Amino acid sequence: MRIASFNINGVKARLPRLLEWLEETRPTVACLQEIKSQDEGFPVEEFEKIGYKAIWYGQKSFNGVAILADGVEPVEVQRGLPGDPDDEQSRYLEADVNGVRIACIYLPNGNPQPGPKFDYKLAWMARLRARMTELWTQEIPAIVLGDFNVIPEDKDVWSPKAMASDALMQPESRDAYAQLLGDGWTDAIDTLNPRGGVWTYWDYQAGAWQRDHGFRIDHLLLSPELADRMKATGVDKDYRGREKASDHAPVWVEITG
DNA sequence: ATGGCTGGGTCTCCCAGA
């Protein structure tokens, strides 16, 4: 099965591009971030027409996540990241599909830093680690995937110098991400591309796509039960170059079974 | 040089993104 993630930057503005990607690459599971849609505006019928069932957790204007599955309804397990009852941002959705636990995340950007948005990012990452520890102890095949908004290492960015002050690559952000790997989660793309140089995001501005000024912030973290089944991983890079593209490209991992 | 695009909503400007 193929499990994919795509920060689409607006599900309505991106719908033709999204449907095209689903039909052309046919992922078994597709996690979406930044749907930028309220629950009642989510175009579920368009996905059902091409054979995908979906659950989604929307919000007005910003954020919003969804899980699509080919031919089966995702069984929702958790809506919203536990640990802060005052957190109203739609950034976390968890479901079971074909015996695999899928956690779709849109981790806070954190800019500008320092400041309250960066504090929120770090607090969110601490809550994420707690949730992932819960998944770990259940010993189920699990994958936590989505837009982590963290550049893990210097090899994951076109210019560490240009991005030095960005929240995406502050030591605190990197340490929090490294803790997840230290806990035993497998970064699929990094494991199969250890020398780096793989990008998943290119800014709309300053000709970043044309100059290949990108970085890697969309990640796939596998539990040991799934890491043992990993066959291949990739970035559907060419979708970034099409008309009305998202600023992210889809990422995916292929596992046996 | 702190700009440069893009989507959504309060809608010809502002906010947020990364």
# chains A, B, ... in the order shown; residues from 1 in each chain; ligands from 1
>>> closest_atom_pairs(of="chain B", to="chain A", cutoff="9 Å", atoms="only C-alpha atoms (C1' of nucleotides)", output="CSV")
residue,atom,partner,partner_atom,distance
B:DG3,C1',A:Ala206,CA,8.9
B:DG4,C1',A:Ala206,CA,4.7
B:DC5,C1',A:Tyr204,CA,4.9
B:DT6,C1',A:Tyr204,CA,7.3
B:DG7,C1',A:Gly10,CA,6.5
B:DG8,C1',A:Ser61,CA,5.4
B:DG9,C1',A:Ser61,CA,7.1
B:DA16,C1',A:Phe62,CA,8.0
B:DG17,C1',A:Asn109,CA,7.9
B:DA18,C1',A:Asn109,CA,6.9
>>> residues_around(residues="Val251 (chain A)", least_positions_apart="4", cutoff="10 Å", atoms="only C-alpha atoms (C1' of nucleotides)", output="ChimeraX atom specification")
/A:3-7,30-31,145-147,189,199-200,218-220,233-237
>>> write_last_selection(atoms="all heavy atoms", output="short mmCIF file (atom, residue, chain, number, x, y, z; two decimals), in the first residue's frame")
data_model
loop_
_atom_site.label_atom_id
_atom_site.label_comp_id
_atom_site.auth_asym_id
_atom_site.auth_seq_id
_atom_site.Cartn_x
_atom_site.Cartn_y
_atom_site.Cartn_z
N ILE A 3 1.13 5.18 1.12
CA ILE A 3 0.59 6.19 2.03
C ILE A 3 1.27 7.52 1.70
O ILE A 3 2.50 7.61 1.68
CB ILE A 3 0.85 5.78 3.50
CG1 ILE A 3 0.25 4.40 3.79
CG2 ILE A 3 0.26 6.83 4.45
CD1 ILE A 3 0.63 3.82 5.15
N ALA A 4 0.44 8.53 1.44
CA ALA A 4 0.96 9.80 0.94
C ALA A 4 0.49 10.97 1.79
O ALA A 4 -0.49 10.87 2.53
CB ALA A 4 0.52 10.00 -0.51
N SER A 5 1.22 12.08 1.67
CA SER A 5 0.84 13.32 2.33
C SER A 5 1.04 14.48 1.36
O SER A 5 2.00 14.50 0.60
CB SER A 5 1.71 13.54 3.57
OG SER A 5 1.47 14.82 4.13
N PHE A 6 0.11 15.44 1.42
CA PHE A 6 0.16 16.57 0.49
C PHE A 6 -0.40 17.80 1.19
O PHE A 6 -1.59 17.84 1.51
CB PHE A 6 -0.67 16.22 -0.75
CG PHE A 6 -0.49 17.12 -1.95
CD1 PHE A 6 -1.19 16.86 -3.12
CD2 PHE A 6 0.37 18.20 -1.93
CE1 PHE A 6 -1.05 17.66 -4.24
CE2 PHE A 6 0.54 19.01 -3.04
CZ PHE A 6 -0.18 18.74 -4.20
N ASN A 7 0.47 18.78 1.44
CA ASN A 7 -0.02 20.08 1.90
C ASN A 7 -0.50 20.81 0.65
O ASN A 7 0.29 21.23 -0.18
CB ASN A 7 1.09 20.88 2.61
CG ASN A 7 0.60 22.25 3.08
OD1 ASN A 7 -0.17 22.92 2.38
ND2 ASN A 7 1.03 22.67 4.25
N ALA A 30 -4.30 9.11 1.47
CA ALA A 30 -3.75 10.44 1.19
C ALA A 30 -4.14 11.38 2.33
O ALA A 30 -5.32 11.60 2.58
CB ALA A 30 -4.29 10.98 -0.13
N CYS A 31 -3.13 11.89 3.02
CA CYS A 31 -3.35 12.87 4.08
C CYS A 31 -3.16 14.26 3.51
O CYS A 31 -2.18 14.53 2.80
CB CYS A 31 -2.37 12.64 5.23
SG CYS A 31 -2.64 11.08 6.08
N LEU A 145 2.42 11.41 9.69
CA LEU A 145 2.89 12.05 8.46
C LEU A 145 2.19 13.38 8.24
O LEU A 145 1.09 13.60 8.72
CB LEU A 145 2.68 11.15 7.25
CG LEU A 145 1.25 10.88 6.75
CD1 LEU A 145 1.32 10.30 5.35
CD2 LEU A 145 0.48 9.96 7.66
N GLY A 146 2.88 14.23 7.49
CA GLY A 146 2.30 15.52 7.16
C GLY A 146 3.35 16.61 7.06
O GLY A 146 4.53 16.34 6.83
N ASP A 147 2.87 17.84 7.24
CA ASP A 147 3.74 19.00 7.19
C ASP A 147 4.24 19.27 8.61
O ASP A 147 3.50 19.79 9.43
CB ASP A 147 2.96 20.20 6.64
CG ASP A 147 3.80 21.46 6.55
OD1 ASP A 147 4.97 21.42 6.99
OD2 ASP A 147 3.29 22.47 6.05
N ILE A 189 11.89 9.16 4.27
CA ILE A 189 12.65 9.81 3.19
C ILE A 189 14.13 9.88 3.54
O ILE A 189 14.99 9.60 2.71
CB ILE A 189 12.07 11.20 2.88
CG1 ILE A 189 10.66 11.06 2.27
CG2 ILE A 189 12.98 11.99 1.94
CD1 ILE A 189 9.95 12.37 2.00
N TRP A 199 13.96 17.89 -1.55
CA TRP A 199 13.07 18.98 -1.12
C TRP A 199 11.61 18.58 -1.28
O TRP A 199 11.25 17.82 -2.19
CB TRP A 199 13.29 20.27 -1.93
CG TRP A 199 14.67 20.70 -2.24
CD1 TRP A 199 15.07 21.29 -3.40
CD2 TRP A 199 15.86 20.64 -1.43
NE1 TRP A 199 16.41 21.60 -3.35
CE2 TRP A 199 16.92 21.19 -2.15
CE3 TRP A 199 16.14 20.15 -0.14
CZ2 TRP A 199 18.22 21.30 -1.66
CZ3 TRP A 199 17.43 20.24 0.35
CH2 TRP A 199 18.45 20.82 -0.39
N THR A 200 10.77 19.15 -0.39
CA THR A 200 9.32 18.94 -0.50
C THR A 200 8.56 20.25 -0.60
O THR A 200 7.35 20.26 -0.76
CB THR A 200 8.77 18.15 0.70
OG1 THR A 200 8.86 18.96 1.89
CG2 THR A 200 9.55 16.86 0.93
N ASP A 218 8.11 18.13 4.86
CA ASP A 218 7.02 17.16 4.90
C ASP A 218 7.64 15.79 5.15
O ASP A 218 8.49 15.33 4.38
CB ASP A 218 6.25 17.18 3.57
CG ASP A 218 5.64 18.55 3.30
OD1 ASP A 218 4.51 18.79 3.76
OD2 ASP A 218 6.32 19.39 2.67
N HIS A 219 7.21 15.16 6.23
CA HIS A 219 7.89 13.94 6.68
C HIS A 219 6.93 12.79 6.90
O HIS A 219 5.72 12.98 7.10
CB HIS A 219 8.64 14.22 7.98
CG HIS A 219 9.59 15.38 7.90
ND1 HIS A 219 10.52 15.51 6.89
CD2 HIS A 219 9.73 16.48 8.68
CE1 HIS A 219 11.21 16.63 7.08
NE2 HIS A 219 10.74 17.24 8.14
N LEU A 220 7.51 11.57 6.86
CA LEU A 220 6.77 10.33 7.09
C LEU A 220 7.52 9.56 8.18
O LEU A 220 8.63 9.08 7.94
CB LEU A 220 6.74 9.49 5.80
CG LEU A 220 6.28 10.21 4.53
CD1 LEU A 220 7.14 9.83 3.33
CD2 LEU A 220 4.82 9.89 4.23
N THR A 233 10.18 5.13 -1.12
CA THR A 233 9.61 6.42 -0.74
C THR A 233 9.93 7.42 -1.84
O THR A 233 10.85 7.20 -2.63
CB THR A 233 10.17 6.89 0.62
OG1 THR A 233 9.51 8.08 1.02
CG2 THR A 233 11.66 7.15 0.54
N GLY A 234 9.15 8.51 -1.89
CA GLY A 234 9.43 9.48 -2.95
C GLY A 234 8.69 10.79 -2.76
O GLY A 234 7.85 10.93 -1.89
N VAL A 235 9.08 11.74 -3.61
CA VAL A 235 8.43 13.05 -3.67
C VAL A 235 7.89 13.21 -5.10
O VAL A 235 8.64 13.04 -6.06
CB VAL A 235 9.42 14.18 -3.36
CG1 VAL A 235 8.73 15.54 -3.44
CG2 VAL A 235 10.07 13.98 -1.99
N ASP A 236 6.60 13.49 -5.22
CA ASP A 236 6.01 13.71 -6.55
C ASP A 236 6.30 15.14 -7.00
O ASP A 236 5.42 16.00 -7.09
CB ASP A 236 4.50 13.44 -6.52
CG ASP A 236 4.18 11.97 -6.29
OD1 ASP A 236 4.98 11.11 -6.71
OD2 ASP A 236 3.12 11.68 -5.68
N LYS A 237 7.57 15.36 -7.29
CA LYS A 237 8.09 16.72 -7.47
C LYS A 237 7.46 17.46 -8.65
O LYS A 237 7.25 18.68 -8.58
CB LYS A 237 9.61 16.62 -7.67
CG LYS A 237 10.32 17.95 -7.79
CD LYS A 237 11.84 17.75 -7.88
CE LYS A 237 12.54 19.07 -8.15
NZ LYS A 237 14.01 18.89 -8.22
#
>>> residues_around(residues="Glu225 (chain A)", least_positions_apart="3", cutoff="7 Å", atoms="only C-alpha atoms (C1' of nucleotides)", output="VMD selection string")
chain A and resid 140 to 141 228
>>> atom_distance(atom1="CA of Met169 (chain A)", atom2="CA of Arg242 (chain A)")
27.8 Å
>>> select_by_dssp(residues="region 106-200 of chain A", states="strand (DSSP E)", output="ChimeraX atom specification")
/A:106,142-147,186-187
>>> write_last_selection(atoms="N, CA and C atoms", output="PDB file, in the first residue's frame")
ATOM      1  N   TYR A 106      -0.504  18.776  10.812  1.00  0.00           N
ATOM      2  CA  TYR A 106      -0.054  20.060  10.271  1.00  0.00           C
ATOM      3  C   TYR A 106       0.555  20.830  11.434  1.00  0.00           C
ATOM      4  N   ALA A 142       2.014   1.980  12.758  1.00  0.00           N
ATOM      5  CA  ALA A 142       1.557   3.370  12.781  1.00  0.00           C
ATOM      6  C   ALA A 142       2.476   4.253  11.945  1.00  0.00           C
ATOM      7  N   ILE A 143       1.873   5.286  11.358  1.00  0.00           N
ATOM      8  CA  ILE A 143       2.650   6.281  10.615  1.00  0.00           C
ATOM      9  C   ILE A 143       2.120   7.663  10.974  1.00  0.00           C
ATOM     10  N   VAL A 144       3.051   8.554  11.307  1.00  0.00           N
ATOM     11  CA  VAL A 144       2.715   9.941  11.591  1.00  0.00           C
ATOM     12  C   VAL A 144       3.290  10.753  10.439  1.00  0.00           C
ATOM     13  N   LEU A 145       2.417  11.407   9.686  1.00  0.00           N
ATOM     14  CA  LEU A 145       2.890  12.051   8.463  1.00  0.00           C
ATOM     15  C   LEU A 145       2.191  13.385   8.237  1.00  0.00           C
ATOM     16  N   GLY A 146       2.883  14.232   7.487  1.00  0.00           N
ATOM     17  CA  GLY A 146       2.303  15.516   7.158  1.00  0.00           C
ATOM     18  C   GLY A 146       3.347  16.608   7.065  1.00  0.00           C
ATOM     19  N   ASP A 147       2.873  17.839   7.241  1.00  0.00           N
ATOM     20  CA  ASP A 147       3.742  19.004   7.192  1.00  0.00           C
ATOM     21  C   ASP A 147       4.238  19.271   8.608  1.00  0.00           C
ATOM     22  N   THR A 186      11.058   6.039  12.453  1.00  0.00           N
ATOM     23  CA  THR A 186      11.904   6.037  11.251  1.00  0.00           C
ATOM     24  C   THR A 186      11.433   7.101  10.263  1.00  0.00           C
ATOM     25  N   ASP A 187      12.325   8.043   9.940  1.00  0.00           N
ATOM     26  CA  ASP A 187      12.059   9.057   8.915  1.00  0.00           C
ATOM     27  C   ASP A 187      12.272   8.383   7.554  1.00  0.00           C
TER      28      ASP A 187
END
>>> atom_distance(atom1="CA of Arg174 (chain A)", atom2="CA of Leu222 (chain A)")
18.1 Å
>>> select_by_dssp(residues="region 6-243 of chain A", states="alpha helix (DSSP H)", output="VMD selection string")
chain A and resid 15 to 25 44 to 49 116 to 138 171 to 182 188 to 192 224 to 227
>>> residues_around(residues="Gln78 (chain A)", least_positions_apart="6", cutoff="10 Å", atoms="only C-alpha atoms (C1' of nucleotides)", output="list in words")
Tyr92, Leu93, Glu94, Ala95, Asp96 and Ala103 of chain A
>>> write_last_selection(atoms="N, CA and C atoms", output="compact mmCIF listing (two decimals), in the first residue's frame")
# COMPACT_ATOMS: atom_id res chain seq x y z
N TYR A 92 -4.67 18.16 13.58
CA TYR A 92 -4.36 16.75 13.88
C TYR A 92 -5.60 15.89 13.65
N LEU A 93 -5.43 14.81 12.92
CA LEU A 93 -6.52 13.87 12.69
C LEU A 93 -5.91 12.47 12.57
N GLU A 94 -6.53 11.53 13.28
CA GLU A 94 -5.96 10.18 13.36
C GLU A 94 -7.04 9.16 13.04
N ALA A 95 -6.67 8.15 12.25
CA ALA A 95 -7.65 7.14 11.84
C ALA A 95 -6.95 5.83 11.54
N ASP A 96 -7.74 4.75 11.51
CA ASP A 96 -7.24 3.45 11.08
C ASP A 96 -7.71 3.18 9.65
N ALA A 103 -1.75 9.00 11.37
CA ALA A 103 -1.86 10.29 12.07
C ALA A 103 -1.42 11.39 11.13
